[in-house]
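**Student:** Enclosed is the structure file structure.cif (mmCIF, C-alpha atoms).
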```
data_coords
#
loop_
_atom_site.label_atom_id
_atom_site.label_comp_id
_atom_site.auth_asym_id
_atom_site.auth_seq_id
_atom_site.Cartn_x
_atom_site.Cartn_y
_atom_site.Cartn_z
CA MET A 1 -26.21 -24.19 -1.25
CA ALA A 2 -23.23 -25.47 0.70
CA ASP A 3 -21.21 -22.77 -1.04
CA ASP A 4 -23.39 -20.03 0.40
CA ALA A 5 -23.28 -21.50 3.88
CA LEU A 6 -19.54 -20.89 3.88
CA VAL A 7 -20.04 -17.35 2.73
CA THR A 8 -22.74 -15.96 5.00
CA PRO A 9 -21.36 -14.89 8.36
CA GLY A 10 -22.63 -16.85 11.35
CA ASP A 11 -25.82 -14.83 11.81
CA ALA A 12 -27.44 -17.51 13.93
CA LEU A 13 -24.86 -16.98 16.66
CA THR A 14 -24.91 -13.93 18.85
CA LEU A 15 -21.39 -12.62 18.48
CA ARG A 16 -19.49 -10.95 21.27
CA THR A 17 -17.80 -7.62 20.68
CA GLY A 18 -14.68 -5.96 22.02
CA TRP A 19 -11.51 -7.58 23.31
CA ARG A 20 -13.27 -10.77 24.48
CA SER A 21 -14.51 -11.39 20.93
CA VAL A 22 -10.94 -12.12 19.81
CA ALA A 23 -10.56 -15.05 22.22
CA GLY A 24 -14.14 -16.10 21.49
CA ASP A 25 -13.75 -16.12 17.70
CA TRP A 26 -10.40 -17.84 17.71
CA ALA A 27 -11.51 -20.48 20.23
CA SER A 28 -14.78 -21.21 18.41
CA ASP A 29 -15.35 -24.24 16.25
CA GLN A 30 -15.02 -24.22 12.44
CA ARG A 31 -14.21 -20.60 11.61
CA ALA A 32 -12.27 -17.88 13.34
CA PHE A 33 -13.15 -15.05 10.95
CA LYS A 34 -16.89 -14.67 11.48
CA SER A 35 -17.50 -11.63 9.31
CA ALA A 36 -14.99 -12.28 6.52
CA SER A 37 -15.49 -14.91 3.83
CA TRP A 38 -12.64 -17.34 3.22
CA GLY A 39 -11.68 -15.43 0.07
CA LYS A 40 -11.29 -12.17 1.92
CA ALA A 41 -9.47 -13.79 4.84
CA MET A 42 -7.04 -15.52 2.49
CA MET A 43 -6.36 -12.29 0.60
CA TRP A 44 -5.57 -10.59 3.92
CA ILE A 45 -3.22 -13.40 4.90
CA PHE A 46 -1.49 -13.20 1.52
CA LEU A 47 -1.14 -9.44 1.98
CA LEU A 48 0.35 -10.03 5.42
CA SER A 49 3.00 -12.28 3.86
CA ASP A 50 3.63 -9.65 1.20
CA THR A 51 4.04 -7.09 3.97
CA PHE A 52 6.91 -9.15 5.33
CA ILE A 53 8.54 -9.35 1.90
CA PHE A 54 8.46 -5.58 1.42
CA SER A 55 9.53 -5.07 5.04
CA CYS A 56 12.60 -7.20 4.38
CA PHE A 57 13.46 -5.13 1.30
CA LEU A 58 13.07 -1.85 3.16
CA LEU A 59 15.02 -3.23 6.10
CA SER A 60 17.95 -4.32 3.95
CA TYR A 61 17.87 -0.88 2.31
CA MET A 62 17.98 0.74 5.76
CA THR A 63 20.85 -1.51 6.79
CA VAL A 64 23.05 -0.78 3.76
CA ARG A 65 22.26 2.92 3.93
CA MET A 66 23.11 3.20 7.62
CA SER A 67 26.28 1.14 7.43
CA THR A 68 27.97 2.69 4.38
CA THR A 69 30.67 5.28 4.98
CA VAL A 70 30.17 6.76 1.49
CA PRO A 71 27.53 9.57 1.31
CA TRP A 72 24.10 8.43 0.03
CA PRO A 73 22.95 10.15 -3.21
CA ASN A 74 20.36 12.84 -2.48
CA PRO A 75 17.00 11.46 -3.77
CA SER A 76 15.62 14.98 -3.95
CA MET A 77 18.19 15.81 -6.64
CA VAL A 78 18.38 12.40 -8.30
CA PHE A 79 14.64 12.37 -8.99
CA ALA A 80 14.35 16.04 -9.95
CA LEU A 81 12.91 16.95 -13.33
CA ARG A 82 13.54 20.00 -15.49
CA LEU A 83 10.13 21.47 -16.24
CA GLY A 84 9.79 24.83 -17.98
CA GLY A 85 13.43 25.68 -17.42
CA THR A 86 13.46 25.12 -13.65
CA GLU A 87 14.67 22.09 -11.77
CA ILE A 88 11.84 20.83 -9.53
CA PRO A 89 12.95 18.34 -6.85
CA LEU A 90 11.24 14.96 -6.63
CA ILE A 91 8.38 16.11 -8.88
CA LEU A 92 8.00 12.86 -10.84
CA ILE A 93 7.68 10.85 -7.62
CA ALA A 94 5.08 13.30 -6.31
CA ILE A 95 3.01 12.92 -9.48
CA MET A 96 3.30 9.12 -9.27
CA THR A 97 2.11 9.29 -5.66
CA PHE A 98 -0.96 11.32 -6.58
CA ILE A 99 -1.75 8.96 -9.46
CA LEU A 100 -1.61 5.91 -7.21
CA ILE A 101 -3.76 7.56 -4.54
CA SER A 102 -6.31 8.49 -7.19
CA SER A 103 -6.34 4.90 -8.42
CA SER A 104 -7.10 3.80 -4.85
CA GLY A 105 -9.96 6.29 -4.71
CA THR A 106 -11.55 4.99 -7.91
CA MET A 107 -11.04 1.40 -6.73
CA ALA A 108 -12.80 2.05 -3.41
CA MET A 109 -15.73 3.55 -5.30
CA ALA A 110 -15.78 0.60 -7.73
CA VAL A 111 -16.17 -1.77 -4.76
CA ASN A 112 -19.01 0.37 -3.48
CA TYR A 113 -20.88 0.44 -6.79
CA GLY A 114 -20.28 -3.31 -7.16
CA TYR A 115 -22.23 -4.00 -3.99
CA ARG A 116 -24.97 -1.73 -5.35
CA ARG A 117 -25.12 -3.92 -8.46
CA ASP A 118 -24.24 -0.96 -10.70
CA ARG A 119 -22.37 -2.84 -13.41
CA VAL A 120 -21.58 0.11 -15.66
CA LYS A 121 -20.11 2.35 -12.94
CA THR A 122 -18.18 -0.54 -11.40
CA THR A 123 -16.64 -1.46 -14.74
CA LEU A 124 -15.78 2.12 -15.64
CA LEU A 125 -14.23 2.84 -12.23
CA MET A 126 -12.17 -0.36 -12.40
CA LEU A 127 -10.99 0.55 -15.90
CA ALA A 128 -10.04 4.01 -14.60
CA THR A 129 -8.11 2.32 -11.79
CA ALA A 130 -6.32 0.13 -14.33
CA ALA A 131 -5.51 3.18 -16.46
CA PHE A 132 -4.05 5.02 -13.46
CA GLY A 133 -2.04 1.89 -12.62
CA ALA A 134 -0.75 1.55 -16.17
CA SER A 135 0.32 5.20 -16.28
CA PHE A 136 2.10 4.69 -12.96
CA VAL A 137 4.07 1.78 -14.42
CA GLY A 138 4.77 3.90 -17.50
CA MET A 139 6.23 6.67 -15.36
CA GLN A 140 8.29 4.15 -13.50
CA GLY A 141 9.61 2.92 -16.84
CA PHE A 142 10.50 6.52 -17.72
CA GLU A 143 12.26 6.95 -14.37
CA TRP A 144 14.26 3.74 -14.78
CA THR A 145 15.27 4.70 -18.33
CA LYS A 146 16.39 8.14 -17.18
CA LEU A 147 18.47 6.77 -14.32
CA ILE A 148 20.02 3.99 -16.41
CA ARG A 149 21.01 6.58 -19.07
CA GLU A 150 22.60 8.65 -16.30
CA GLY A 151 24.72 5.67 -15.35
CA VAL A 152 22.88 4.14 -12.39
CA ARG A 153 23.56 0.43 -12.08
CA PRO A 154 22.83 -2.02 -9.26
CA TRP A 155 26.54 -1.95 -8.47
CA HIS A 156 27.45 1.68 -9.20
CA ASN A 157 26.13 5.21 -9.65
CA PRO A 158 27.74 8.60 -10.33
CA TRP A 159 26.62 10.33 -7.12
CA GLY A 160 27.59 8.27 -4.08
CA ALA A 161 27.14 4.97 -2.29
CA ASP A 162 26.99 2.00 -4.69
CA GLN A 163 24.17 0.40 -2.68
CA PHE A 164 21.77 3.10 -3.93
CA GLY A 165 21.26 1.39 -7.29
CA SER A 166 20.66 -2.10 -5.94
CA SER A 167 18.16 -0.85 -3.34
CA PHE A 168 16.39 1.34 -5.89
CA PHE A 169 15.98 -1.30 -8.60
CA MET A 170 15.03 -4.02 -6.12
CA ILE A 171 12.39 -2.03 -4.23
CA THR A 172 10.78 -0.08 -7.07
CA GLY A 173 11.07 -3.08 -9.41
CA PHE A 174 9.23 -5.36 -7.02
CA HIS A 175 6.59 -2.72 -6.39
CA GLY A 176 6.17 -2.07 -10.12
CA THR A 177 5.71 -5.80 -10.68
CA HIS A 178 2.91 -5.76 -8.11
CA VAL A 179 1.25 -2.83 -9.88
CA THR A 180 1.53 -4.59 -13.24
CA ILE A 181 -0.04 -7.80 -11.89
CA GLY A 182 -2.76 -5.65 -10.31
CA VAL A 183 -3.54 -3.97 -13.64
CA ILE A 184 -3.86 -7.36 -15.35
CA PHE A 185 -6.23 -8.66 -12.68
CA LEU A 186 -8.21 -5.41 -12.73
CA LEU A 187 -8.80 -5.88 -16.46
CA ILE A 188 -9.86 -9.51 -15.96
CA THR A 189 -12.21 -8.64 -13.09
CA SER A 190 -13.72 -5.63 -14.86
CA ARG A 191 -14.47 -7.83 -17.88
CA LYS A 192 -16.30 -10.23 -15.57
CA VAL A 193 -18.29 -7.38 -14.05
CA TRP A 194 -19.14 -6.05 -17.51
CA ARG A 195 -20.39 -9.46 -18.69
CA GLY A 196 -22.50 -9.75 -15.54
CA ASP A 197 -20.72 -12.88 -14.28
CA PHE A 198 -21.27 -11.78 -10.70
CA ASP A 199 -25.00 -11.23 -11.25
CA HIS A 200 -25.54 -14.73 -12.65
CA GLY A 201 -23.02 -16.48 -10.43
CA LYS A 202 -21.10 -17.72 -13.48
CA PRO A 203 -18.34 -20.17 -12.48
CA GLY A 204 -14.82 -18.81 -12.89
CA PHE A 205 -12.73 -20.32 -15.72
CA PHE A 206 -9.96 -21.35 -13.33
CA THR A 207 -11.60 -22.14 -9.99
CA SER A 208 -15.09 -23.06 -11.30
CA ARG A 209 -16.46 -21.25 -8.24
CA LYS A 210 -19.39 -18.91 -8.51
CA GLY A 211 -18.26 -15.31 -8.70
CA ARG A 212 -19.79 -12.73 -6.36
CA TYR A 213 -19.41 -8.99 -6.13
CA GLU A 214 -17.17 -9.61 -3.15
CA ASN A 215 -14.52 -10.55 -5.74
CA VAL A 216 -14.35 -6.86 -6.60
CA GLU A 217 -13.70 -6.03 -2.96
CA ILE A 218 -10.98 -8.70 -2.71
CA MET A 219 -9.39 -7.33 -5.89
CA GLY A 220 -9.62 -3.92 -4.22
CA LEU A 221 -7.81 -5.17 -1.13
CA TYR A 222 -4.84 -6.14 -3.30
CA TRP A 223 -4.90 -2.83 -5.13
CA HIS A 224 -5.06 -0.73 -1.96
CA PHE A 225 -2.17 -2.77 -0.61
CA VAL A 226 -0.06 -1.76 -3.61
CA ASP A 227 -0.89 1.86 -2.80
CA LEU A 228 -0.11 1.23 0.87
CA VAL A 229 3.34 -0.15 0.04
CA TRP A 230 4.01 2.94 -2.07
CA VAL A 231 3.22 5.15 0.96
CA PHE A 232 6.06 3.43 2.81
CA ILE A 233 8.46 3.46 -0.17
CA PHE A 234 7.72 7.15 -0.78
CA ALA A 235 8.44 8.03 2.85
CA LEU A 236 11.40 5.78 3.50
CA PHE A 237 13.20 5.65 0.16
CA TYR A 238 12.44 8.99 -1.48
CA LEU A 239 12.02 11.30 1.50
CA TRP A 240 14.69 9.94 3.89
CA MET B 1 -11.62 19.76 11.45
CA GLY B 2 -8.64 17.39 11.58
CA PRO B 3 -8.39 14.40 9.24
CA THR B 4 -9.09 11.91 12.01
CA THR B 5 -12.14 13.64 13.49
CA ALA B 6 -13.69 14.13 10.07
CA VAL B 7 -13.13 10.50 9.15
CA VAL B 8 -14.30 9.23 12.55
CA GLN B 9 -17.55 11.15 12.14
CA ALA B 10 -18.02 9.87 8.62
CA THR B 11 -17.21 6.27 9.62
CA ALA B 12 -19.64 6.51 12.52
CA ALA B 13 -22.30 7.58 10.05
CA ALA B 14 -21.31 4.74 7.74
CA LYS B 15 -21.30 2.15 10.50
CA THR B 16 -25.06 1.82 10.42
CA THR B 17 -25.07 0.84 6.76
CA ALA B 18 -22.13 -1.59 6.96
CA HIS B 19 -22.72 -5.30 6.50
CA ALA B 20 -26.16 -4.85 4.97
CA GLU B 21 -24.69 -6.73 2.05
CA GLY B 22 -20.91 -6.84 1.94
CA GLN B 23 -19.37 -3.48 2.68
CA GLN B 24 -21.65 -0.54 1.93
CA HIS B 25 -20.65 2.96 2.89
CA PRO B 26 -21.55 6.34 1.45
CA ILE B 27 -19.42 7.46 -1.50
CA ARG B 28 -18.83 10.70 0.39
CA LEU B 29 -16.65 8.83 2.89
CA TYR B 30 -14.32 7.60 0.13
CA LEU B 31 -14.11 11.05 -1.45
CA LEU B 32 -13.27 12.51 1.95
CA VAL B 33 -10.46 10.02 2.53
CA TRP B 34 -9.23 10.54 -1.03
CA GLY B 35 -9.08 14.29 -0.40
CA TRP B 36 -7.20 13.84 2.86
CA LEU B 37 -4.70 11.49 1.21
CA PHE B 38 -4.03 14.23 -1.36
CA VAL B 39 -3.54 16.83 1.36
CA LEU B 40 -1.25 14.58 3.43
CA SER B 41 0.82 13.59 0.38
CA THR B 42 1.21 17.24 -0.53
CA CYS B 43 2.43 17.86 3.02
CA SER B 44 5.06 15.11 2.75
CA TYR B 45 6.18 16.52 -0.59
CA LEU B 46 6.46 19.99 0.94
CA VAL B 47 8.67 18.59 3.72
CA ASP B 48 11.17 17.77 0.98
CA TYR B 49 10.48 20.88 -1.08
CA PHE B 50 11.26 23.20 1.82
CA ASN B 51 14.25 21.02 2.65
CA LEU B 52 13.47 20.40 6.34
CA GLN B 53 16.26 18.42 7.97
CA GLY B 54 16.96 16.50 11.15
CA TYR B 55 14.29 15.56 13.68
CA PRO B 56 11.47 17.75 12.29
CA ARG B 57 11.90 16.00 8.92
CA TRP B 58 11.85 12.53 10.45
CA PHE B 59 8.92 13.34 12.69
CA LEU B 60 6.80 14.76 9.86
CA ILE B 61 7.67 12.07 7.30
CA LEU B 62 6.87 9.20 9.67
CA LEU B 63 3.74 10.87 11.06
CA LEU B 64 2.31 11.55 7.59
CA MET B 65 3.23 8.01 6.52
CA ILE B 66 1.40 6.45 9.48
CA VAL B 67 -1.72 8.61 9.05
CA LYS B 68 -1.91 7.84 5.32
CA ALA B 69 -1.41 4.12 5.94
CA GLY B 70 -4.10 4.22 8.61
CA LEU B 71 -6.61 5.88 6.28
CA ILE B 72 -5.93 3.37 3.48
CA VAL B 73 -6.11 0.28 5.71
CA GLY B 74 -8.96 1.54 7.87
CA VAL B 75 -11.35 2.96 5.30
CA PHE B 76 -10.32 1.89 1.79
CA MET B 77 -9.55 -1.67 2.91
CA HIS B 78 -12.51 -1.64 5.35
CA MET B 79 -10.42 -2.81 8.29
CA ALA B 80 -12.35 -0.40 10.55
CA TRP B 81 -15.48 -2.55 10.08
CA GLU B 82 -13.93 -6.01 10.38
CA ARG B 83 -14.14 -8.06 13.55
CA LEU B 84 -11.26 -7.73 15.98
CA ALA B 85 -10.21 -11.38 15.44
CA LEU B 86 -9.25 -10.49 11.84
CA VAL B 87 -7.89 -7.05 12.70
CA TYR B 88 -5.46 -8.44 15.27
CA ALA B 89 -4.51 -11.43 13.11
CA ILE B 90 -3.38 -9.07 10.36
CA LEU B 91 -2.13 -5.99 12.20
CA VAL B 92 -0.27 -7.54 15.15
CA PRO B 93 2.31 -9.70 13.26
CA PRO B 94 3.89 -6.67 11.48
CA VAL B 95 4.85 -5.38 14.93
CA ALA B 96 7.57 -8.06 14.82
CA VAL B 97 9.08 -6.04 11.95
CA LEU B 98 9.71 -3.19 14.41
CA VAL B 99 11.80 -5.56 16.52
CA PHE B 100 13.68 -6.49 13.35
CA VAL B 101 14.25 -2.77 12.67
CA GLY B 102 15.73 -2.42 16.16
CA ILE B 103 18.07 -5.34 15.60
CA MET B 104 19.24 -4.04 12.21
CA VAL B 105 19.78 -0.48 13.47
CA PHE B 106 22.08 -1.93 16.12
CA GLU B 107 23.82 -4.16 13.57
CA SER B 108 24.35 -1.42 10.98
CA SER B 109 25.70 1.03 13.56
CA TYR B 110 28.26 -1.60 14.47
CA THR B 111 29.16 -2.25 10.81
CA HIS B 112 29.46 1.49 10.23
CA PHE B 113 31.74 1.79 13.26
CA THR B 114 34.07 -1.03 12.15
CA ARG B 115 34.21 0.37 8.59
CA LEU B 116 35.21 3.77 9.94
CA ILE B 117 38.00 2.15 11.95
CA PHE B 118 39.39 -0.11 9.24
CA PHE B 119 38.88 2.03 6.12
CA HIS B 120 39.14 5.55 7.44
CA GLY B 121 41.44 5.23 10.47
CA GLY B 122 38.99 5.88 13.28
CA PRO B 123 35.51 7.25 14.00
#
```
Could the structure of this file be written out as structure tokens, please?
**Tutor:**
Amino acid sequence: MADDALVTPGDALTLRTGWRSVAGDWASDQRAFKSASWGKAMMWIFLLSDTFIFSCFLLSYMTVRMSTTVPWPNPSMVFALRLGGTEIPLILIAIMTFILISSSGTMAMAVNYGYRRDRVKTTLLMLATAAFGASFVGMQGFEWTKLIREGVRPWHNPWGADQFGSSFFMITGFHGTHVTIGVIFLLITSRKVWRGDFDHGKPGFFTSRKGRYENVEIMGLYWHFVDLVWVFIFALFYLW
Amino acid sequence: MGPTTAVVQATAAAKTTAHAEGQQHPIRLYLLVWGWLFVLSTCSYLVDYFNLQGYPRWFLILLLMIVKAGLIVGVFMHMAWERLALVYAILVPPVAVLVFVGIMVFESSYTHFTRLIFFHGGP
């Protein structure tokens, strides 16, 4: 199949390794990414563009925070929760972090079981990932509700610099949107795995291309990226 | 055993099985990385919990952030097993962001300085 020819890496060629392989691959005819299928390469390039989007958000946040003369609200206190009578700083964000990391763990294992053709485990692990993701979005909804009730607005908040609200809603909102989209696609992909679409090479409803278990890995790339972005948001927004 | 040495050993073990069909590595490797991500996240949380300030805080937060990001990209996203042509194509462009950070640090220090002068009567 012509389709498969695109997919299998160039086995016939003896590929160089190390630093010289970069020049070799890029200068070669037809395809620069010898070991990655077009789908995986395109997902990586999309994620690179998304990296720049989140970088710009975090950079604008850094700029407004460094240039304001009004004290920045202390995230440790703003995101504290009262549990069992004691105020625990930043606890909700810590729980959200652990949930997202766990979802990445189950996703990585789903990819692994996908390549082993274990449909049941792949489906269940992807559904677990989706459940973790949904609970993350739920907690974010709780956090937003709490802050809005306390009077945080994109243009004002009770504790300090006005730019806090706009940065917070912009950055966490955009990240939450990514998580939500990820959950939707996880559900779609897990349904395909469950039906065995990737075993039979059933054409996708939108692209009409034959699905392969690599689709699970590409889905995983997106999901891990969402977790990756959260690592940066957690460090730079909540811990600064 | 540090997080990197443990993972390096496990990835070396996994390297032999990679690319048999797609990406195949032992489940143990993912559980190991998962565990380390938990430990490192706990560490970053403790930085805030114990209220470290100044340079130690910055150093620890950024270090933990970089290590966690490295584990996710390297193992979970399988970047450690991709060819260098892809690795460089994806990982080199974000370096430009660091230049952007430098520019904006300079810019915001200047804005801060002028605001102090005009709104608060001097630095």
**Student:** Taking 3 positions as the minimum chain separation for residues in the same chain, which residues sit within 7 Å of Ser44 in chain B when counting all atoms listed in the file? Answer as an MDAnalysis selection string.
**Tutor:** chainID B and resid 40:41 47:48 61 64
**Student:** Within 7 Å of range 67-80 of chain A, counting all atoms listed in the file, which residues qualify if same-chain residues fewer than 6 places away don't, as number ranges by chain?
**Tutor:** A: 87-92, 159-161, 238; B: 108-109, 111-112, 116
**Student:** Write out as a PyMOL selection string the residues lying within 10 Å of range 103-119 of chain A, counting only C-alpha atoms and excluding same-chain residues fewer than 6 positions away.
**Tutor:** (chain A and resi 97+125-133+136+186+190+192-196+198-199+212-221+223-228) or (chain B and resi 20-35+37+72+75-78)
**Student:** For a test of reading the model, state the distance in Å between CA of Ala89 in chain B and CA of Leu236 in chain A, rounded to one decimal.
**Tutor:**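 Taking CA of Ala89 in chain B as the start and CA of Leu236 in chain A as the end point, the length is 25.3 Å.
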**Student:** Quick one: which residues end up in the PyMOL selection byres ((chain A and resi 173) around 12) for this structure, as a PyMOL selection string?
**Tutor:** chain A and resi 54+57+137+140-141+143-144+154+165-172+174-180+230+233
**Student:** What residues come out when you apply the PyMOL selection byres ((chain B and resi 101) around 12) to this file, written as a list in words?
**Tutor:**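 In the shown coordinates, the PyMOL selection byres ((chain B and resi 101) around 12) covers Ser55, Cys56, Phe57, Leu58, Leu59, Ser60, Tyr61, Met62, Thr63 and Met66 of chain A; Pro94, Val95, Ala96, Val97, Leu98, Val99, Phe100, Gly102, Ile103, Met104, Val105, Phe106, Glu107 and Ser108 of chain B.
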**Student:** Provide the CA of Ala235 in chain A to CA of Ile93 in chain A distance in Å, to one decimal place.
**Tutor:**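 Rounded to one decimal, the two atoms are 10.9 Å apart.
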**Student:** Using all atoms listed in the file, give me every residue within 12 Å of (-15.3, -5.8, 19.2) in file coordinates, as a list in words.
**Tutor:**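 Within 12 Å of (-15.3, -5.8, 19.2), the protein and nucleic acid residues are Leu15, Arg16, Thr17, Gly18, Trp19, Arg20, Ser21, Val22, Ala23, Gly24, Asp25, Lys34 and Ser35 of chain A; Ala80, Trp81, Glu82, Arg83, Leu84, Ala85, Leu86, Val87 and Tyr88 of chain B.
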**Student:** CA of Arg209 in chain A and CA of Ile188 in chain A, how far apart in Å?
**Tutor:**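 Rounded to one decimal, the two atoms are 15.5 Å apart.
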**Student:** Which of these, A:Ser28, A:Thr14, A:Gln163, A:Thr51, has the shortest distance to chain B once you count only C-alpha atoms?
**Tutor:** A:Thr51
**Student:** Out of A:Asp197, A:Glu150, A:Asp162, A:Asp50, which residue has the shortest atom-to-atom distance to chain B when counting all atoms listed in the file?
**Tutor:**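 When distances to chain B are compared using all atoms listed in the file, the smallest one comes from A:Asp50.
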**Student:** Generate a file for range 33-41 of chain B, containing all heavy atoms, as a PDB file, in the first residue's frame.
**Tutor:**
```pdb
ATOM      1  N   VAL B  33       9.141   6.788  36.116  1.00  0.00           N
ATOM      2  CA  VAL B  33       9.068   8.216  35.810  1.00  0.00           C
ATOM      3  C   VAL B  33       7.888   8.852  36.544  1.00  0.00           C
ATOM      4  O   VAL B  33       7.993   9.949  37.099  1.00  0.00           O
ATOM      5  CB  VAL B  33       8.947   8.435  34.287  1.00  0.00           C
ATOM      6  CG1 VAL B  33       8.631   9.881  33.960  1.00  0.00           C
ATOM      7  CG2 VAL B  33      10.240   8.024  33.604  1.00  0.00           C
ATOM      8  N   TRP B  34       6.773   8.147  36.552  1.00  0.00           N
ATOM      9  CA  TRP B  34       5.583   8.604  37.268  1.00  0.00           C
ATOM     10  C   TRP B  34       5.933   8.871  38.739  1.00  0.00           C
ATOM     11  O   TRP B  34       5.627   9.933  39.298  1.00  0.00           O
ATOM     12  CB  TRP B  34       4.514   7.524  37.138  1.00  0.00           C
ATOM     13  CG  TRP B  34       3.137   7.900  37.575  1.00  0.00           C
ATOM     14  CD1 TRP B  34       2.765   9.023  38.252  1.00  0.00           C
ATOM     15  CD2 TRP B  34       1.943   7.133  37.358  1.00  0.00           C
ATOM     16  NE1 TRP B  34       1.417   8.999  38.477  1.00  0.00           N
ATOM     17  CE2 TRP B  34       0.890   7.858  37.940  1.00  0.00           C
ATOM     18  CE3 TRP B  34       1.655   5.910  36.758  1.00  0.00           C
ATOM     19  CZ2 TRP B  34      -0.422   7.393  37.930  1.00  0.00           C
ATOM     20  CZ3 TRP B  34       0.358   5.462  36.739  1.00  0.00           C
ATOM     21  CH2 TRP B  34      -0.666   6.186  37.312  1.00  0.00           C
ATOM     22  N   GLY B  35       6.589   7.899  39.353  1.00  0.00           N
ATOM     23  CA  GLY B  35       6.997   8.037  40.750  1.00  0.00           C
ATOM     24  C   GLY B  35       7.889   9.245  40.963  1.00  0.00           C
ATOM     25  O   GLY B  35       7.675  10.044  41.887  1.00  0.00           O
ATOM     26  N   TRP B  36       8.877   9.409  40.077  1.00  0.00           N
ATOM     27  CA  TRP B  36       9.780  10.555  40.217  1.00  0.00           C
ATOM     28  C   TRP B  36       9.060  11.877  40.029  1.00  0.00           C
ATOM     29  O   TRP B  36       9.356  12.861  40.704  1.00  0.00           O
ATOM     30  CB  TRP B  36      10.953  10.430  39.243  1.00  0.00           C
ATOM     31  CG  TRP B  36      12.077   9.649  39.848  1.00  0.00           C
ATOM     32  CD1 TRP B  36      12.516   8.411  39.487  1.00  0.00           C
ATOM     33  CD2 TRP B  36      12.880  10.049  40.982  1.00  0.00           C
ATOM     34  NE1 TRP B  36      13.540   8.011  40.316  1.00  0.00           N
ATOM     35  CE2 TRP B  36      13.786   8.987  41.234  1.00  0.00           C
ATOM     36  CE3 TRP B  36      12.921  11.180  41.792  1.00  0.00           C
ATOM     37  CZ2 TRP B  36      14.724   9.038  42.264  1.00  0.00           C
ATOM     38  CZ3 TRP B  36      13.846  11.226  42.821  1.00  0.00           C
ATOM     39  CH2 TRP B  36      14.728  10.175  43.047  1.00  0.00           C
ATOM     40  N   LEU B  37       8.083  11.912  39.108  1.00  0.00           N
ATOM     41  CA  LEU B  37       7.321  13.149  38.916  1.00  0.00           C
ATOM     42  C   LEU B  37       6.559  13.500  40.193  1.00  0.00           C
ATOM     43  O   LEU B  37       6.456  14.671  40.580  1.00  0.00           O
ATOM     44  CB  LEU B  37       6.360  13.011  37.734  1.00  0.00           C
ATOM     45  CG  LEU B  37       7.020  13.021  36.348  1.00  0.00           C
ATOM     46  CD1 LEU B  37       5.995  12.725  35.269  1.00  0.00           C
ATOM     47  CD2 LEU B  37       7.680  14.370  36.083  1.00  0.00           C
ATOM     48  N   PHE B  38       6.040  12.480  40.882  1.00  0.00           N
ATOM     49  CA  PHE B  38       5.358  12.708  42.157  1.00  0.00           C
ATOM     50  C   PHE B  38       6.325  13.282  43.182  1.00  0.00           C
ATOM     51  O   PHE B  38       6.024  14.271  43.860  1.00  0.00           O
ATOM     52  CB  PHE B  38       4.760  11.394  42.683  1.00  0.00           C
ATOM     53  CG  PHE B  38       3.290  11.279  42.467  1.00  0.00           C
ATOM     54  CD1 PHE B  38       2.794  11.013  41.199  1.00  0.00           C
ATOM     55  CD2 PHE B  38       2.399  11.445  43.515  1.00  0.00           C
ATOM     56  CE1 PHE B  38       1.427  10.927  40.979  1.00  0.00           C
ATOM     57  CE2 PHE B  38       1.024  11.360  43.304  1.00  0.00           C
ATOM     58  CZ  PHE B  38       0.544  11.094  42.037  1.00  0.00           C
ATOM     59  N   VAL B  39       7.506  12.658  43.278  1.00  0.00           N
ATOM     60  CA  VAL B  39       8.497  13.109  44.258  1.00  0.00           C
ATOM     61  C   VAL B  39       8.901  14.558  43.973  1.00  0.00           C
ATOM     62  O   VAL B  39       8.921  15.420  44.866  1.00  0.00           O
ATOM     63  CB  VAL B  39       9.733  12.181  44.223  1.00  0.00           C
ATOM     64  CG1 VAL B  39      10.848  12.747  45.081  1.00  0.00           C
ATOM     65  CG2 VAL B  39       9.352  10.790  44.680  1.00  0.00           C
ATOM     66  N   LEU B  40       9.203  14.845  42.686  1.00  0.00           N
ATOM     67  CA  LEU B  40       9.676  16.187  42.328  1.00  0.00           C
ATOM     68  C   LEU B  40       8.589  17.230  42.549  1.00  0.00           C
ATOM     69  O   LEU B  40       8.855  18.346  43.007  1.00  0.00           O
ATOM     70  CB  LEU B  40      10.143  16.196  40.870  1.00  0.00           C
ATOM     71  CG  LEU B  40      11.370  15.315  40.581  1.00  0.00           C
ATOM     72  CD1 LEU B  40      11.596  15.174  39.084  1.00  0.00           C
ATOM     73  CD2 LEU B  40      12.606  15.880  41.244  1.00  0.00           C
ATOM     74  N   SER B  41       7.310  16.866  42.241  1.00  0.00           N
ATOM     75  CA  SER B  41       6.219  17.814  42.475  1.00  0.00           C
ATOM     76  C   SER B  41       6.045  18.071  43.961  1.00  0.00           C
ATOM     77  O   SER B  41       5.774  19.213  44.374  1.00  0.00           O
ATOM     78  CB  SER B  41       4.902  17.285  41.893  1.00  0.00           C
ATOM     79  OG  SER B  41       5.030  17.140  40.514  1.00  0.00           O
TER      80      SER B  41
END
```
